[in-house]
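Encoded as C-alpha cells, the structure appears first; notes follow it.
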Amino acid sequence: MATATHLLTEKEATSPGEAVVVRFAGDSGDGMQLTGGQFTLSTALAGNDLATFPDFPAEIRAPQGTTFGVSAFQINFGSTAVETAGDEPDVLIAMNPAALKVNAEALREGGLIIADEGEFTARNLAKAGYEQNPLEDGSLGRWQLVHFNISQLTLDAVKPFGLGNKEALRCKNMWTLGLALWMFDRDRQPIIDWLKQKFAKAPELAEANIAALNAGHAYGETVEMGAPFKQHHIAAAPAEPGLYRTVTGAEALALGLVAGCQLADLPMFFGSYPITPASPLLHHLARLKEFGITTFQAEDEIAAICAAIGASYAGQLGITSSSGPGVALKTEAIGLAIMTELPLVVVNSQRGGPSTGLPTKTEQSDLYQAVYGRNADAPVPVIAARSPADAFDCAIEACRIATRYMTPLMLLTDGYIANAAEPWRVPDMSNYQSFPVRYFSTPPAEGEGVMPYARNEELVRPWIKPGTPGLEHRIGGIEKAPGTGNIDYSPAVHQKMTDTRWMKVAGIAQSIPDQEVCVGRQGAKLAVVGWGSTFGPIHQAVRRALAKGQDVAHVHVRHIWPMPKNMGALLRSFDHVLVPEMNMGQFKTVLRDQFLIDAKSLTKVSGHPFRIAEIEAAIDATLRSGT
Amino acid sequence: MATATHLLTEKEATSPGEAVVVRFAGDSGDGMQLTGGQFTLSTALAGNDLATFPDFPAEIRAPQGTTFGVSAFQINFGSTAVETAGDEPDVLIAMNPAALKVNAEALREGGLIIADEGEFTARNLAKAGYEQNPLEDGSLGRWQLVHFNISQLTLDAVKPFGLGNKEALRCKNMWTLGLALWMFDRDRQPIIDWLKQKFAKAPELAEANIAALNAGHAYGETVEMGAPFKQHHIAAAPAEPGLYRTVTGAEALALGLVAGCQLADLPMFFGSYPITPASPLLHHLARLKEFGITTFQAEDEIAAICAAIGASYAGQLGITSSSGPGVALKTEAIGLAIMTELPLVVVNSQRGGPSTGLPTKTEQSDLYQAVYGRNADAPVPVIAARSPADAFDCAIEACRIATRYMTPLMLLTDGYIANAAEPWRVPDMSNYQSFPVRYFSTPPAEGEGVMPYARNEELVRPWIKPGTPGLEHRIGGIEKAPGTGNIDYSPAVHQKMTDTRWMKVAGIAQSIPDQEVCVGRQGAKLAVVGWGSTFGPIHQAVRRALAKGQDVAHVHVRHIWPMPKNMGALLRSFDHVLVPEMNMGQFKTVLRDQFLIDAKSLTKVSGHPFRIAEIEAAIDATLRSGT
Amino acid sequence: MNEMTTLTTAKDWASDQEVRWCPGCGDYAVLKAVQRTMPDLGVAREKTVFVSGIGCSSRFPYYMSSYGFHTIHGRAAAIATGVKLANPELDVWIITGDGDALSIGGNHTMHVLRRNLNCQILLFNNEIYGLTKGQYSPTSRVGTRSPSTPFGSVDRPVTPCMFALGSGARFIARGIDVHKNLPDVLKAAHAHKGASFVEIYQNCVVYNDDVFASFTQRDVASEKQLWLKAGEKMLFAAGTKGLALDAQRLCLKVVAGDDPSVITHDPRNKGIAAMLIEMPEGFPVALGVIYEDPAPTFESAVIEQNKAAAAGKSPDLQGLVSKGQTWMVEKEPHQL
Amino acid sequence: MNEMTTLTTAKDWASDQEVRWCPGCGDYAVLKAVQRTMPDLGVAREKTVFVSGIGCSSRFPYYMSSYGFHTIHGRAAAIATGVKLANPELDVWIITGDGDALSIGGNHTMHVLRRNLNCQILLFNNEIYGLTKGQYSPTSRVGTRSPSTPFGSVDRPVTPCMFALGSGARFIARGIDVHKNLPDVLKAAHAHKGASFVEIYQNCVVYNDDVFASFTQRDVASEKQLWLKAGEKMLFAAGTKGLALDAQRLCLKVVAGDDPSVITHDPRNKGIAAMLIEMPEGFPVALGVIYEDPAPTFESAVIEQNKAAAAGKSPDLQGLVSKGQTWMVEKEPHQL
Ligand SMILES: Cc1ncc(C[n+]2csc(CCOP(=O)(O)OP(=O)(O)O)c2C)c(N)n1
Ligand SMILES: Cc1ncc(C[n+]2csc(CCOP(=O)(O)OP(=O)(O)O)c2C)c(N)n1
Ligand code: SF4
Ligand code: SF4
Ligand SMILES: [Mg+2]
Ligand SMILES: [Mg+2]
C-alpha cells in the first residue's frame with residue numbers, strides 16, 4: 001500500500017501479485033482526467049493498491065484532435081503493493097487518432113489497444129499526422145487491437161434524453177468508463193451515485209451519463225470479442241485494516257498543513273500567488289476556513305511570502321506556496337525570515353524548467369535552490385515528500401520544525417506528487433503528538449530591556465506577538481546584537497550571529513529520527529539513495545533486484561537539510577551509492593559535499609517520472625562495474 | 001605590485017622589504033575617506049606598492065562623535081609587493097575619542113597613536129563611552145602616543161581666509177594629511193593641484209585647505225617631538241616599467257566592461273538599481289556615454305535585468321549589477337536568459353548578509369547563489385575577481401564568455417574590492433585580443449524555416465537581431481525544439497535541451513586557461529585554495545610560509561564555474577587542501593562535489609577581510625595535524 | 001522610427017504556428033484585429049516586435065509572423081524597455097493580461113507609462129487568470145467566485161485605465177475584443193508617439209464567460225457604449241443621450257442628446273478623463289481614445305542625452321584606461 | 001479596533017535608540033510630529049506597529065517605542081497586509097520613501113490601496129534615494145543631476161497622490177515635514193478607516209536640499225499652499241485667492257477669494273481630486289486631505305467571510321481527514 005508508513009519487507013517484494021496498467025487517452029475536451037479519477041476511485045473501493053499519473057497538456061483547451069492537446073491518465077493497480085504508475089501500459093484506451101499517436105509507443109509489446117473508430121476520420125487522422133488509418137493498415141501489429149465506434153454507440157445510448165449532438169458526445173467518457181468497469185469486474189454504483197450528485201441540478205445529464213455508463217458496461221458483457229478482450233478480476237491487495245480513501249498530493253499536503261497548524265495550536269495564514277502545479281493547494285485551503293485559516297491570493301509571489309512573514313510576526317503560522325520560478329522571487333524575503341528568525345513554511349511544488357519551462361511536467365530540479373539558493377550564509381531546513389500520502393506527514397513535520405526552531409523551512413513536492421492519487425489509510429489524529437506554541441509574554445524586570453534575541457538551549461529566540469504589553473521591540477533585516485536585537489555591525493557580533501544561525505539549523509538534526517533503510521540491508525554492496533517522488537520506481541526496482549538476489553538497499557531521504565545524524569555512517573557502510581534524481585544530479589552534490597562519498601548520479605530530465613526498468617538497469621550496471 | 005598579471009616569485013617573497021600600515025580614523029563628517037584617497041595617490045606617486053581598506057558606517061551621516069559614526073581608511077604601503085591592507089596598523093591617526101575607541105585595539109603593540117586632543121572634550125569622551133580621558137589616564141600604555149590640538153592648529157592656520165568656525169574646522173583633514181605627508185617624506189604638489197581644481201569655484205576654500213595642508217606639514221618639520229615621531233622614507237617598490245595609476249575595484253570593473261564591449265564590438269546596455277556596494281559601477285558607467293553605453297536606472301532589480309535581457313535580445317550587450325539581495329530578485333529572469341540563450345553579464349558586488357545584513361561590510365557569501373541559486377537545472381558560468389585591478393581583466397573575460405557562448409554569466413566581486421584602491425599598470429589595449437560579435441543574418445533558403453536554435457560546434461545558437469529581414473522568429477521561456485525553437489514539451493526534447501544547455505556551459509572550460517599555481521609548487525603538502533578578494537592575505541601568508549620553509553602552495557581560482565580542465569588533477573596533487581573563505585564554506589562545497597577531495601574550510605564571517613596571520617595560523621595547524 | 005511604409009496583407013502577419021486558445025476565446029478576435037490592422041500601419045514585419053508576459057493572452061506573439069518574445073510573468077514592459085532603448089527603430093508592442101500587467105507586473109506597467117516609452121500596450125482584460133485555470137484577478141469584481149475564492153472575492157478591483165492615468169500615461173484607450181472599432185483604436189495607439197495604453201475587454205469563455213455582457217451584448221450596446229471621438233460631442237444611445245457637467249455637484253451627468261450642455265471630447269483634459277473612466281452605474285462605458293496628450297518619449301530623450309554627452313568626445317579606450325593621476329615607472333624591475 | 005483610549009505622552013513614544021539621520025534632515029520633524037500625535041489618538045504602544053521598508057525614512061520604526069518591523073526594500077505594504085490580517089486589533093502604520101513605495105514597491109503600494117487595508121501609509125517624499133547616497137528617484141523632476149544621472153534625469157516623474165488615486169485609494173492627503181499642520185493630517189489619516197495615503201514632502205538636506213522651497217519657503221508659503229478643508233471654500237493667499245471651475249475648458253482656474261464661483265471642497269469628488277493633485281504652474285500646491293471616500297476595509301471583509309464560511313462548521317480534524325469516498329479494509333493483512 002503506497003502509504004508513507006507502510007514499507008514492504010523483502011519477503012513481500014519477492015512474491016509478485018497481479019497488476020495491470022491502464023492508460024486512458026483522449027482529447028483535452030474528452031474528460032479523460034475525470035474518467036481516470038472515477039476509475040481510480042472504483043479501483044480503490046475494490047481494494048486494489050494503486051498509483052496514478054495524470055499527464056495533461058499545458059494549454060487550457062488545446063484545439064481538438066491535435067497531438068499537443070492529448071490528455072492522458074495512467075493507473076497501475078494490483079493485488080500487491082503498487083508504488084508507481086507503471087512503466088508500460090498493458091491497456092491503452094485511445095479516444096482519437098492523436099491519442100493513439102502519442103501513446104501507442106509506450107504500450108508494452110502485446111498490450112491491448114481499444115480505439116474509438118468513430119473518431120478516426122480523415123480530418124482527425126491528418127491532424128494527428130497519420131497518412132493512413134492505423135486501425136486498418138496493420139501498422140499496430142505489435143499490439144492487440146480492438147476498435148468499435150464508441151461515438152456512435154454513445155449517441156445511441158443517450159438518444160432518449162434529447163441532448164444536442166455535442167452534449168451527447170460528451171458522454172463518451174462514461175461509456176468508456178463503463179466498458180473499463182466491466183473489464184475489471186467493478187461495481188458501477190459508486191459512479192452512478194457520484195453522477196447523480198454532480199448533475200443534481202440537471203437530472204437529464206445525470207441520466208444520460210448513467211445510460212452511457214451502463215451501455216459501455218453492457219457492451220463488454222454482451223458483445224463477443226476476440227480473445228484479448230476478456231474480463232479480469234484483480235484481487236484486493238493486502239492492506240492494514242482501517243478506513244481508507246484516495247488522496248492526491250495536493251490534498252494530502254493541504255490536510256497535513258491544517259493538521260500541523262492544529263497540532264501547533266496556531267491559526268494558519270496562507271499567502272500564495274497561483275502557479276502550476278502549486279495552485280491546487282491554495283484552492284483546497286481556501287475552503288477550510290473553519291480551521292482558522294486565512295488564505296490570501298497576493299499580487300505576486302513576493303507579496304505572498306511577505307504577507308506570510310507579516311502574519312508570522314503577528315503570531316500566526318505563515319505559509320507560502322509556489323513552484324520554482326515563483327520560489328525564485330521569494331528568495332530575498334526568505335533572507336528576511338532567516339534574519340528575523342520567524343517561523344515560515346515555503347512549499348515548492350516543483351515543475352520542469354528552467355524559466356517557464358514545462359509547467360505541467362514534473363521534475364525535482366529545485367533542490368539546489370532549496371538548499372543553496374540564497375545570497376549570504378542563509379541556512380534553512382529542507383524536507384521533501386516522497387508520495388501523495390507522505391505529503392501529509394511531511395507537512396506536519398514542516399510545521400513542527402518551523403515553529404519549534406523559529407525558522408523558515410522549505411517543503412519540496414513536485415508536479416507528479418501534487419496530481420497523482422493513491423489510497424491512503426486515514427490516520428488516527430489522536431496518535432499524533434501535538435506541539436503547541438507558546439508565545440513569550442513576560443515583561444522584563446524593572447530596569448531590564450526586552451530581549452527578542454535571547455535564546456533557549458536549542459538556540460531558538462522567543463516568539464513575541466505584537467499586542468503583548470511591555471514587550472514592545474523592533475526587529476529587522478539588519479545584523480543585530482545577541483539578546484537585545486539592536487542593530488550591530490561589529491565584526492564579532494556578525495561572526496557570532498552567523499555561527500548561531502548556522503548551528504540552530506544544524507541542531508534540528510537532534511530532533512529528527514535516524515535515517516532508515518527502506519528495504520535491503522545496511523552495508524549492502526549498493527545503496528540506491530533517493531528523495532522525493534522517485535520513491536516508487538526506486539522502491540520497486542530495488543525489490544526486483546533483491547528478488548534477483550542482488551545485494552542492494554533503498555534509502556529514501558525526507559530530511560534533506562539538515563540530514564539525520566546517522567546519515568554519514570549509514571552511507572559509508574555501502575560499497576556504492578547511486579542517486580537517481582529527476583535533475584542533473586543535485587542531491588548528489590549535497591551528499592558528496594557532506595560525506596565525501598563517491599555518490600554517483602542517475603539523472604532523468606524529461607518531464608516524466610523514472611521507469612522502474614531504468615533504475616533496474618542502472619543497478620545492474622553499477623553492480624557489474626563495481627565488482 | 002598588486003596587479004592581476006604580476007605574481008611574485010618565491011625568491012621575492014622571501015626578501016621582505018619595508019612596509020608601513022597607517023589608519024586614518026575620524027567622524028564620518030571628518031573627511032577621512034578623502035584624506036585616505038589623497039594619501040593613497042601620493043603614496044602611489046612615490047612609487048610604493050600599496051593596498052587600502054576603506055571602512056565606513058552604514059549611515060549617511062551618523063551623529064557626530066558616536067562610535068557607530070566612525071569612518072576609517074587604512075593603507076598598507078611598502079618598498080616591496082603589498083597584497084593586503086595590512087593586519088595591524090603601525091600608525092593610527094584618531095581625530096576624536098570615538099575613533100580612538102573603535103580603532104585602538106587593532107593597532108600593533110608599540111604602534112603610534114596620533115590624536116587630536118582638541119576633540120577630547122568631556123562631551124565627546126562621554127559619547128565614545130570613555131569615563132576618563134585616555135590621553136591622560138595612561139590606559140594607552142601599550143602604544144606610543146602623541147597628541148596635540150589639531151583643531152586649534154587648523155583654526156589658526158586658516159584664520160586669514162575668514163571662514164566660519166564650522167567651515168574652518170573642515171580643513172582639519174588637510175592639516176592631518178600635511179602631517180602625514182611630512183612623516184613619509186612626500187611631495188605636496190599633487191595634492192595642492194587637486195585642491196585647486198576641486199575648489200576652482202571657491203578659491204578661498206582652496207587657499208584655506210592648502211594653508212592647512214602646509215601647516216600640518218610644517219608642524220611635523222619644526223616641532224620637536226619625541227622619538228616615535230620621526231620621518232620615514234619608504235623606498236619605491238620594484239615594479240614593471242610602464243604607466244601607472246590607482247584604481248578601485250569599481251573603477252576597474254567599469255573600465256573592464258567598457259573594454260569588453262569594445263573588444264566585442266558591441267554597444268553596452270547597463271541596467272541597474274542602486275544598492276550598496278554595487279552603485280558606484282552605475283555611477284562610473286553613466287559618465288561614459290561616448291563609448292556607446294546606455295545606462296538605465298530601473299525601478300527595481302527585476303526590471304534592471306529584464307531590460308538588459310531585452311537589450312541583448314535587440315543586439316546590445318546587456319549587463320546588470322547588484323548585490324546579494326538584489327541578485328536574489330534577478331534569479332527568475334536569469335532563468336529566462338538561460339532558456340533564450342542570450343548573452344548577459346550579471347555583476348554581484350557581494351556584501352554581508354543575509355537580508356539587509358551589513359550593507360557596507362564585505363563578504364564572499366554569494367557563491368552558492370551564483371553557482372546553484374536558481375530553480376531547475378540552470379547552469380551559468382561564474383567568475384570572480386581577486387583584486388581591484390583584476391576586476392578589469394575579469395570584466396573583459398565576462399564579456400567574452402557571455403557573447404561567445406550566448407549565455408548569462410555571473411561576475412563576482414565584493415565590497416572590499418569595490419572600494420579598495422591599488423596601483424595599476426595601465427594596460428596596453430592593443431595587446432588584448434578582440435572578439436567581435438557576428439550576428440546571424442542569412443535568411444533561410446526558400447521553403448526552409450528560421451533556425452534560432454541551430455548550434456555551432458560549441459553548441460552555441462546564433463544571435464539574430466530583430467530588424468533582420470527574413471529571420472523573423474519567436475523565442476520565450478518555454479521548453480523548445482532544437483533548431484526551430486518552437487514550443488515542445490516532449491520528453492526526449494526536454495532531456496536533449498537540458499543536456500545541451502549543460503554541455504554548452506561545461507564546454508566553456510575548453511576556452512579558458514589551465515589553472516596555475518600562484519606561488520609554491522604543484523604537489524606540495526598543502527595547497528591554500530582561494531577565490532575572490534582573499535587573494536591578498538592568502539598570498540602573503542603563503543609567501544611567509546614558504547619563507548619559513550613550509551611546503552605550501554597558493555592556488556587562486558578565477559573560473560568558479562566551469563573550472564579549468566586541469567583543476568581536478570592539480571588539486572589531487574596536493575596532500576591537503578585548505579579553502580579560506582569569507583563565508584561558511586561555500587567554494588569548499590563545489591570542490592568536494594566536483595573532485596571528491598577532502599578540502600577543508602577556513603571561514604571568517606565578520607564583515608572584515610582575513611588577516612594574514614589568521615591564514616598563517618591555519619597553515620601551521622594544517623601542516624601540524626597533517627604530518 | 002522608420003517612416004517608410006511597407007506593403008503587407010493581413011495574411012502576411014500570421015505565423016505558421018497553430019493557434020492554441022480555447023475555441024470561442026476572445027483572444028482570437030483580437031489576433032484577427034491586429035493582423036488586419038498591421039498592413040494599414042505600413043510597418044515591416046522585421047521591424048516589429050511583440051513582447052509578452054505569461055498568460056493565455058501572452059501566447060499572442062507566437063501567432064504573429066514578426067519578431068516576438070514571450071518572456072516571463074509580469075515583466076514584458078521591463079523587457080520591452082530594453083528592446084526599445086537598444087533599438088528605437090523597432091516598433092514595439094506589449095501584449096499582456098490583467099494578471100500579467102496589473103497583478104505581478106503592476107510596477108513595471110506604472111514605470112513604462114510614466115517614462116513614456118514609445119510602444120503600444122495591449123492589455124487583454126478578461127477579469128480572470130485564464131492560463132492558471134480561473135482564479136480571480138485584480139480586475140475581478142467583488143464577489144467573484146473562483147477556485148481561490150470559493151466564497152467570492154472580497155478585494156476591490158483596480159480600474160486599469162484609472163491606474164494608467166494615475167501612473168502618468170499619455171494615451172489611454174479602450175476597446176472590445178469582437179467590436180468592429182478595435183482596429184481604429186489600435187491605429188490611434190500606433191499613431192501616438194509614446195506609451196499607448198489600450199485596455200481590451202476580452203471574453204474568457206471558459207472561466208469568466210459573458211462578464212462584460214452588460215455592455216457588450218448586442219441589445220444593450222448602443223445604450224451602454226460611449227465611443228469617444230476627439231472634438232465631437234459625447235453622445236450615445238444613437239445620439240439620443242449625451243454627457244454634460246453638473247455644475248453643482250462638479251461631476252458628469254447624462255442629458256438628452258440634443259441638450260446644448262453636452263460636452264465635447266477633448267482628449268487632453270485629464271480631469272474629465274478621470275471622470276469618464278470611472279462612470280457610475282446608469283452611465284455608459286467610455287470607449288475609444290479617452291485621453292491623449294503627447295509628451296517626449298523616453299527613448300528619444302535617452303538617445304538625445306547619450307548623443308549630447310558623447311558629442312566632441314571620442315571612444316578612446318586607451319585614453320580612458322590611462323585617465324586620472326598617473327605616474328611612470330622607468331627603471332627595470334629588480335632582477336629576481 | 002480597540003476603541004478604548006490610552007493615555008500617553010509624546011515622550012512615551014520615543015524608543016531608547018539613538019536617532020541616526022543627518023543633522024537637519026526633515027525626518028526628524030516627521031518623527032517629532034508623529035510622536036506628538038500618538039497621545040491624541042488614544043492608542044496603546046503595544047497595539048501599535050510601525051512597518052517600514054528600506055531607506056533613510058524606513059529607519060523610523062527604531063525610534064518609536066511601539067512594536068516595529070524594519071523589513072526589506074519595497075515590501076512594507078505586503079508585510080503589513082499579513083500583520084493586519086493576522087491581527088486586526090493592531091494599529092498598523094507603514095513608513096516608506098519615494099524609492100521604497102514608488103520605485104521597487106510600486107506594485108504593493110497599488111495593491112494595498114485598492115484592497116483598502118486599514119492602515120496609515122506615510123510616504124516620505126524627498127524626491128531622492130537618500131540611503132544609497134543620492135541617486136534620482138521616480139519622483140525626481142526631469143533634469144535632476146545625481147550620481148546615476150550626471151547629465152540630468154530624463155524620465156518623467158510619477159505624482160504620488162495621482163498614483164494613489166489611480167490605484168483606488170480612498171484617503172489621500174499631503175503634508176510637509178516641518179509644517180505645523182502635519183499632526184492634523186496624521187490625525188485625519190488615523191481617523192479614516194481604510195488605507196490612508198499621506199505624502200509628506202520631506203527635505204533631504206544632503207542630497208536634495210530645498211527641492212520643495214518653491215512652495216515651502218516662508219515668504220511664498222501663503223501664496224503657494226492651498227490647505228484643503230472639507231466643506232470649506234478652496235481659498236489660499238490668506239483668502240485673497242480661490243479656485244473655481246472653468247466651465248468652458250472644464251478645468252480649475254484661480255479667481256479672487258471673494259468670487260462667488262470659488263468652489264467648496266468635497267473630499268468625495270474623485271474627478272476634482274484628480275485636478276487638485278496635479279495643478280499646473282501658477283497654481284498653489286494642494287495640501288491636507290485631498291480625497292476621502294470610505295469603503296469597507298480589506299481585513300474586515302476577509303474576517304467577515306472567514307467567519308461566515310466557518311459558521312456552523314466545527315474544526316474537526318479527524319472528520320476532515322476522513323472526508324471523501326472512503327472504504328474499510330477489515331481483514332488482517334497478509335502474514336508477511
Ligand atoms: C513567476 C510566475 N508566477 C506565476 C505564474 C503563473 N501564471 C501564469 S499566467 C498567470 C496569470 C494569467 O492571467 P492574465 O495575465 O490575466 O492572463 P490570461 O491567462 O487571463 O490571458 C499566472 C498566475 C508564472 N508563470 N510565473
Ligand atoms: C532589494 C534591494 N534593492 C536595493 C536596495 C538599496 N536601497 C536601499 S534604500 C534605497 C532607496 C531609498 O530611497 P527612498 O525610499 O526614497 O528612501 P530615503 O532614503 O530617500 O528616505 C535603495 C535603492 C536594497 N536595500 N534592497
Ligand atoms: S482559458 Fe479563457 S482566456 Fe484562456 S484561452 Fe481559454 S477562453 Fe481564452
Ligand atoms: S541622506 Fe537625506 S534623507 Fe537621508 S538622513 Fe540624510 S538628510 Fe535625511
Ligand atoms: Mg486575464
Ligand atoms: Mg527618498
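We name chains A, B, ... following the order of the C-alpha cells; residues begin at 1 in each chain, and ligands are numbered from 1 as shown.
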
Skipping near chain neighbours, those fewer than 2 positions away, what residues fall within 7 Å of range 424-427 of chain B using only C-alpha atoms, listed as a PDB file with C-alpha atoms, in the first residue's frame?
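Generated output (selection_16.pdb):
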ATOM      1  CA  THR B   3      48.138  43.781 -10.300  1.00  0.00           C
ATOM      2  CA  GLY B 242      55.205  51.475 -17.520  1.00  0.00           C
ATOM      3  CA  LEU B 243      52.467  53.948 -16.883  1.00  0.00           C
ATOM      4  CA  TYR B 244      50.670  53.546 -13.555  1.00  0.00           C
ATOM      5  CA  ARG B 245      47.537  54.846 -11.887  1.00  0.00           C
ATOM      6  CA  THR B 246      45.467  53.810  -8.915  1.00  0.00           C
ATOM      7  CA  VAL B 247      42.113  52.144  -9.354  1.00  0.00           C
ATOM      8  CA  ALA B 389      42.974  45.593 -10.745  1.00  0.00           C
ATOM      9  CA  GLU B 422      45.619  49.769  -5.614  1.00  0.00           C
ATOM     10  CA  MET B 429      44.865  47.789 -25.032  1.00  0.00           C
TER      11      MET B 429
ATOM     12  CA  VAL C 321      42.165  53.470 -19.042  1.00  0.00           C
ATOM     13  CA  SER C 322      45.034  55.958 -18.808  1.00  0.00           C
TER      14      SER C 322
END

Write out as a PDB file with N, CA, C and O atoms, in the first residue's frame the residues lying within 7 Å of Asp55 in chain B, counting only C-alpha atoms and excluding same-chain residues fewer than 4 positions away.
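Once written, around05.pdb looks like this:
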ATOM      1  N   SER B  71      34.443  56.630  10.743  1.00  0.00           N
ATOM      2  CA  SER B  71      34.825  56.257   9.387  1.00  0.00           C
ATOM      3  C   SER B  71      36.338  56.101   9.366  1.00  0.00           C
ATOM      4  O   SER B  71      37.061  56.937   9.918  1.00  0.00           O
ATOM      5  N   ALA B  72      36.813  55.014   8.773  1.00  0.00           N
ATOM      6  CA  ALA B  72      38.253  54.771   8.798  1.00  0.00           C
ATOM      7  C   ALA B  72      38.769  54.422   7.424  1.00  0.00           C
ATOM      8  O   ALA B  72      38.029  53.925   6.558  1.00  0.00           O
ATOM      9  N   PHE B  73      40.042  54.696   7.223  1.00  0.00           N
ATOM     10  CA  PHE B  73      40.690  54.375   5.948  1.00  0.00           C
ATOM     11  C   PHE B  73      42.075  53.855   6.268  1.00  0.00           C
ATOM     12  O   PHE B  73      42.879  54.543   6.881  1.00  0.00           O
TER      13      PHE B  73
END

Checklist line | Counting only C-alpha atoms, chain A residues within 8 Å of chain C, as a PyMOL selection string | finding: chain A and resi 59-63+274-276+279+282-283+286-287+297+299-301+355-356

Next item on the list: Define the interface residues of chain D facing chain C as those within 6 Å, counting only C-alpha atoms, and report them as a ChimeraX atom specification.
Entry: /D:106-107,114-115,155-156,162-163,166-167,271,274-275

Next item on the list: Run DSSP on the backbone and grab whatever in range 1-213 of chain C lands in helix (DSSP H, G or I); send it over as a ChimeraX atom specification.
Entry: /C:10-13,26-41,45-47,57-63,76-86,98-104,106-115,160-166,182-191,213

Output C-alpha atoms for every residue in that selection, as an mmCIF file, in the first residue's frame.
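Final output, saved to result.cif:
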data_model
loop_
_atom_site.group_PDB
_atom_site.id
_atom_site.type_symbol
_atom_site.label_atom_id
_atom_site.label_comp_id
_atom_site.auth_asym_id
_atom_site.auth_seq_id
_atom_site.Cartn_x
_atom_site.Cartn_y
_atom_site.Cartn_z
ATOM 1 C CA ALA C 10 -3.224 40.544 -43.035
ATOM 2 C CA LYS C 11 -2.140 37.050 -44.025
ATOM 3 C CA ASP C 12 1.499 38.110 -44.100
ATOM 4 C CA TRP C 13 1.237 38.758 -40.399
ATOM 5 C CA GLY C 26 -11.933 36.454 -27.318
ATOM 6 C CA ASP C 27 -8.201 36.304 -27.966
ATOM 7 C CA TYR C 28 -8.912 35.033 -31.481
ATOM 8 C CA ALA C 29 -10.832 38.177 -32.301
ATOM 9 C CA VAL C 30 -8.052 40.410 -31.031
ATOM 10 C CA LEU C 31 -5.488 38.450 -33.024
ATOM 11 C CA LYS C 32 -7.525 38.886 -36.164
ATOM 12 C CA ALA C 33 -7.991 42.596 -35.475
ATOM 13 C CA VAL C 34 -4.272 43.100 -35.010
ATOM 14 C CA GLN C 35 -3.399 41.099 -38.109
ATOM 15 C CA ARG C 36 -5.897 43.114 -40.076
ATOM 16 C CA THR C 37 -4.575 46.405 -38.712
ATOM 17 C CA MET C 38 -0.864 45.860 -39.342
ATOM 18 C CA PRO C 39 -0.999 46.380 -43.122
ATOM 19 C CA ASP C 40 -2.632 49.764 -42.574
ATOM 20 C CA LEU C 41 0.253 50.864 -40.384
ATOM 21 C CA ARG C 45 7.485 42.566 -40.174
ATOM 22 C CA GLU C 46 11.205 42.532 -39.437
ATOM 23 C CA LYS C 47 10.970 45.857 -37.639
ATOM 24 C CA SER C 57 -3.134 36.335 -23.905
ATOM 25 C CA SER C 58 0.646 36.351 -23.737
ATOM 26 C CA ARG C 59 0.790 33.451 -26.190
ATOM 27 C CA PHE C 60 -0.088 36.079 -28.787
ATOM 28 C CA PRO C 61 3.421 36.710 -30.203
ATOM 29 C CA TYR C 62 3.723 33.114 -31.414
ATOM 30 C CA TYR C 63 0.902 33.742 -33.831
ATOM 31 C CA ALA C 76 7.029 42.307 -20.574
ATOM 32 C CA ALA C 77 7.123 46.067 -20.039
ATOM 33 C CA ALA C 78 10.599 45.909 -18.499
ATOM 34 C CA ILE C 79 11.967 43.737 -21.270
ATOM 35 C CA ALA C 80 10.333 45.881 -23.921
ATOM 36 C CA THR C 81 12.055 48.897 -22.388
ATOM 37 C CA GLY C 82 15.427 47.287 -23.032
ATOM 38 C CA VAL C 83 14.453 46.297 -26.549
ATOM 39 C CA LYS C 84 13.319 49.783 -27.459
ATOM 40 C CA LEU C 85 16.278 51.565 -25.865
ATOM 41 C CA ALA C 86 18.663 49.236 -27.655
ATOM 42 C CA ASP C 98 -5.000 41.714 -16.349
ATOM 43 C CA GLY C 99 -2.951 39.413 -14.153
ATOM 44 C CA ASP C 100 0.260 39.925 -16.030
ATOM 45 C CA ALA C 101 0.062 43.720 -16.195
ATOM 46 C CA LEU C 102 -1.777 44.562 -13.007
ATOM 47 C CA SER C 103 -1.068 41.807 -10.547
ATOM 48 C CA ILE C 104 2.555 40.718 -10.698
ATOM 49 C CA GLY C 106 1.811 46.399 -11.889
ATOM 50 C CA ASN C 107 5.019 48.174 -11.056
ATOM 51 C CA HIS C 108 6.553 47.821 -14.498
ATOM 52 C CA THR C 109 3.279 48.929 -16.054
ATOM 53 C CA MET C 110 3.391 52.082 -13.977
ATOM 54 C CA HIS C 111 7.005 52.806 -14.857
ATOM 55 C CA VAL C 112 6.764 52.192 -18.577
ATOM 56 C CA LEU C 113 3.820 54.579 -18.611
ATOM 57 C CA ARG C 114 5.417 57.342 -16.568
ATOM 58 C CA ARG C 115 8.624 57.078 -18.614
ATOM 59 C CA PRO C 160 -6.976 49.566 -15.461
ATOM 60 C CA CYS C 161 -7.425 52.896 -17.239
ATOM 61 C CA MET C 162 -7.580 54.781 -13.962
ATOM 62 C CA PHE C 163 -4.370 53.088 -12.910
ATOM 63 C CA ALA C 164 -2.798 54.119 -16.197
ATOM 64 C CA LEU C 165 -3.959 57.693 -15.703
ATOM 65 C CA GLY C 166 -2.562 57.757 -12.183
ATOM 66 C CA LEU C 182 -10.916 47.752 -32.383
ATOM 67 C CA PRO C 183 -8.700 48.317 -35.449
ATOM 68 C CA ASP C 184 -9.325 52.060 -35.223
ATOM 69 C CA VAL C 185 -8.312 52.062 -31.582
ATOM 70 C CA LEU C 186 -5.171 50.126 -32.472
ATOM 71 C CA LYS C 187 -4.355 52.571 -35.238
ATOM 72 C CA ALA C 188 -4.751 55.515 -32.900
ATOM 73 C CA ALA C 189 -2.499 53.792 -30.372
ATOM 74 C CA HIS C 190 0.122 53.218 -33.014
ATOM 75 C CA ALA C 191 -0.095 56.768 -34.272
ATOM 76 C CA ALA C 213 -22.246 41.191 -21.407
#

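With only C-alpha atoms and all ligand atoms as the atoms that count, the residue of C:Thr5, C:Asn87, C:Gln17, C:Asn126 with the shortest distance to ligand 3 is C:Asn126.
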
Next item on the list: Counting only C-alpha atoms, collect the residues of chain B whose closest atom lies at most 8 Å from chain A, and write them out as a ChimeraX atom specification.
Entry: /B:324-333,335-336,338-339,352-358,364-369,372-378,477-479,489-495,498,583-584,588-590,592-593,596-598,604-608

Skipping near chain neighbours, those fewer than 5 positions away, what residues fall within 8 Å of Thr622 in chain A using only C-alpha atoms, listed as an mmCIF file with N, CA and C atoms, in the first residue's frame?
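File produced: result.cif:
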data_model
loop_
_atom_site.group_PDB
_atom_site.id
_atom_site.type_symbol
_atom_site.label_atom_id
_atom_site.label_comp_id
_atom_site.auth_asym_id
_atom_site.auth_seq_id
_atom_site.Cartn_x
_atom_site.Cartn_y
_atom_site.Cartn_z
ATOM 1 N N LEU A 526 25.360 -2.040 -2.703
ATOM 2 C CA LEU A 526 24.892 -0.818 -3.359
ATOM 3 C C LEU A 526 23.689 -0.266 -2.614
ATOM 4 N N HIS A 576 28.764 1.092 -2.741
ATOM 5 C CA HIS A 576 28.435 2.051 -3.789
ATOM 6 C C HIS A 576 27.152 2.789 -3.433
ATOM 7 N N LEU A 578 24.188 5.045 -5.382
ATOM 8 C CA LEU A 578 23.628 5.522 -6.647
ATOM 9 C C LEU A 578 22.461 6.449 -6.302
#
